[in-house]
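Input: a single structure, listed below in structure tokens.
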Amino acid sequence: MKRYIRILWAVIAVVILSGCGGGGGGSSSQPAAATPPDPPPSGGDGGGSSPPVDQDPPSGGDGGDSNPPADQEPPNPTPDAGGSRDTPTVDNTLGLVSGAAGLASGSGVDGVALVGVSGTGLAVGVSGTGLSVGTIQSFGSIVINDESLDTDTASFTISGLAGSQAELRQGQHVLIIGDITAGIADAVIYRPNIVARLDSLTIKDATLGLATGSALAQDLEFDAATVYENTEFELLSAGLHYEISAIVEQGGGLRVTFIRPTSTADLRLVGEIENLDDATFTLNGLTVDADNASLIDFEDNELEEHDVVAVEIDPNSFNVETATATAISVTLLPRVIIGQDAPLKVEGLVDNFVSATEFSVQNQPITTNSNTRFFNGEAEDIALDSRLLVIGRVDSTGTLLAQRIFLEASESIFLVGMIEAIDLTLQTITVSSVVFEVRALTDFDEFEDLDELQVGDLVSVVGYVDGSASVAAEVELLDQEEDDDELRGPAVNIDAAAGTFTILGVDITTSAATTTFEADEDPLTQSQFFALLQPFDFVTVTWAEGATTADIAESVSLDDDD
């Protein structure tokens with residue numbers, strides 16, 4: 001068994017980059033350990049928002065305003081007193097799992113990319129090098145985790161091969177290596193979780209884009225945050241082949257962030273080897289026979305428990321009933337090792353929870369202390385499958401010491417109301433006091449663009465929370481008499497005594513006259529409703545005809561998101 005600290009984000013896999021800077025072309029020195037910034041103020045009010053990075057966030061939908069100047073060069077590496085390192089190269093036959101693997105004792109191990117590590121081995125970047133992992137929010141250069149990263153000199157690796165930014169899409173889950181605190185990317189890496197046939201699909205709520213499904217025995221979950229290319233939610237169909245990028249949930253399920261049809265019949269899957277028995281193993285729910293498979297990049301040509309691999313599967317071998325398949329090839333995906341004090345930003349779901357001070361996101365160990373600041377919630381709101389954006393620096397054990405944690409809604413939000421403002425420059429729309437970002441793949445039902453809407457129009461907006469922003473996934477123009485105001489989203493700032501709470505910045509007021517319901521639509525008293533209501537529970541609120549969101553709610557209902 002390999003004795004590594006391995007932090008798995010079985011989301012994407014990439015080429016090993018054994019050098020630094022602009023696309024791997026010049027020489028490099030050993031990266032010095034980065035100096036951590038002054039600690040942020042202690043405590044956290046849990047309300048409001050704050051830029052989630054050490055600089056101002058991008059303005060508007062594309063985040064382009066915060067890019068460094070076009071002529072700005074990445075920091076020059078300082079020559080190493082012990083001699084120059086070899087000229088960096090890119091080996092297109094290897095990959096690494098999206099994410100970090102902590103500080104391992106053997107920094108010179110072959111097949112390991114070091115990030116922000118001083119010493120021998122494969123070093124990526126220069127002083128200040130770190131990682132940012134999350135879904136692509138928009139472009140110009142690339143906006144990820146509410147930050148625009150300059151990619152003018154970055155290399156791009158797509159499914160293990162050299163590529164370009166033009167091949168990337170909004171919603172894909174990527175790993176970016178670079179001087180993260182300076183907003184400069186050295187390397188951008190993407191590999192889909194699955195390329196396969198969609199074997200099953202169950203629609204939970206067509207309006208909100210909620211569905212479950214499976215592909216290659218992997219459980220899939222779709223919501224409003226899922227980005228569709230060359231298809232739509234309504235056109236998803238079992239039996240068709242898709243490329244899928246996703247965030248790994250606790251238990252191995254996949255929260256789909258990006259999906260598009262493929263013309264290939266190939267079957268490919270990325271995951272962690274478990275239950276290894278000779279040459280047979282499982283990847284979540286799929287049992288794989290690799291007895292006759294080509295083993296690529298394995299030490300001593302041997303599989304190991306907990307290896308992270310990319311598997312090509314014989315299309316004729318997959319049996320959906322028995323969840324078994326035969327591998328054509330199995331490629332080992334090397335680790336990323338992050339050095340002490342390296343900055344790390346990770347977006348994802350809590351997959352292991354011990355306490356509010358000890359948990360993990362996508363297998364990255366995280367700890368908090370009295371200086372950790374919380375936004376959009378409190379420490380006690382964190383639980384398994386909570387969606388978080390965590391920002392901090394890595395300590396000597398490979399654990400991310402969180403400086404800031406943003407709690408994000410993990411379900412679809414929904415709003416029916418009047419348009420109060422439209423900003424074509426920032427690409428935002430304000431509906432019933434909620435400001436939504438409009439992004440490149442926002443679906444406008446029966447019209448083409450934001451400029452076709454007017455203040456005063458009645459619209460329904462299906463969306464999701466991304467970092468500090470509410471994002472519109474779909475906007476539909478309604479008849480003025482079609483619907484009353486309705487709002488669905490996560491409840492915070494709950495005050496049972498006052499009968500109030502907040503959804504997406506909108507203060508909700510209830511009274512004894514407000515009709516209250518449980519998730520199964522059973523009626524509740526007002527006190528029973530607030531006794532059940534917990535922070536970040538999803539609630540649907542309606543108002544009487546002619547009322548506004550500032551008035552007392554006509555009805556409030558707990559939503560069942562299972």
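Residues are named by chain letter and number: chains run A, B, ... in the order of the structure tokens, numbers start at 1 in each chain, and ligands are numbered from 1 in the order shown.
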Per-residue DSSP, range 265-406 of chain A, filtered to strand (DSSP E or B), as a PyMOL selection string = chain A and resi 267-272+274-277+280-283+286-289+294-296+308-313+319+324-332+336-338+343-355+358-361+364-367+373-375+387-394+400-406
key: Non-local contacts of Phe501 in chain A (10 Å; only C-alpha atoms; under 3 positions in same chain excluded) as a VMD selection string   = chain A and resid 490 to 496 498 505 to 510 530 533 535
inquiry  = So, with only C-alpha atoms as the atoms that count, which of A:Ile142, A:Leu389, A:Ala238, A:Leu415 lies closest to Val539 in chain A?
reply    =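 Using only C-alpha atoms, the shortest distance to Val539 in chain A belongs to A:Leu415.
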inquiry  = Would you pick out the contacts of range 467-483 of chain A at 6 Å or less, using only C-alpha atoms, so that residues sharing its chain but fewer than 2 positions from it are not included, and give the list as a VMD selection string?
reply    = chain A and resid 436 to 438 442 to 445 458 to 465
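Those residues of range 320-513 of chain A that DSSP, working from the backbone, places in helix (DSSP H, G or I) are A:Ala379, A:Glu380, A:Asp381, A:Leu450, A:Asp451, A:Glu452.
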message = Report, in Å with one decimal, the straight-line distance from CA of Ala342 in chain A to CA of Asn363 in chain A.
response =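 Taking CA of Ala342 in chain A and CA of Asn363 in chain A, their separation equals 17.4 Å.
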request  = Compile the contact shell of range 265-280 of chain A as a list in words: residues with an atom at most 7 Å away, counting only C-alpha atoms, same-chain residues fewer than 2 positions apart removed.
outcome  =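 After dropping sequence-adjacent residues, the list is Ala10, Asn193, Ile194, Val195, Ala196, His241, Ser263, Thr282, Leu283, Val288, Asp289, Ala290, Asp291, Glu305, His306, Asp307, Val308, Val309, Ala310, Val311, Glu312, Ile313 and Pro315 of chain A.
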Write out as a short mmCIF file (atom, residue, chain, number, x, y, z; two decimals) with C-alpha atoms, in the first residue's frame which residues come within 9 Å of Ala409 in chain A when counting only C-alpha atoms, dropping same-chain ones fewer than 4 positions away.
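Below you can see out.cif, which holds the result:
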data_model
loop_
_atom_site.label_atom_id
_atom_site.label_comp_id
_atom_site.auth_asym_id
_atom_site.auth_seq_id
_atom_site.Cartn_x
_atom_site.Cartn_y
_atom_site.Cartn_z
CA SER A 386 -23.20 21.61 2.68
CA ARG A 387 -21.86 23.52 -0.31
CA LEU A 388 -18.96 25.76 0.69
CA ILE A 413 -33.86 29.11 -6.12
CA TYR A 464 -28.87 29.20 -7.93
CA VAL A 465 -26.41 30.74 -5.48
CA ASP A 466 -22.82 30.83 -6.71
CA GLY A 489 -34.71 29.88 -1.42
CA PRO A 490 -32.64 29.17 1.70
CA PHE A 536 -30.53 27.07 5.04
CA PHE A 538 -35.48 25.85 1.60
#
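In this comparison, which uses only C-alpha atoms, the residue of A:Gln250, A:Thr212, A:Ser527, A:Gln362 approaching Leu236 in chain A most closely is A:Thr212.
CA of Lys345 in chain A lies 12.8 Å from CA of Ser360 in chain A.
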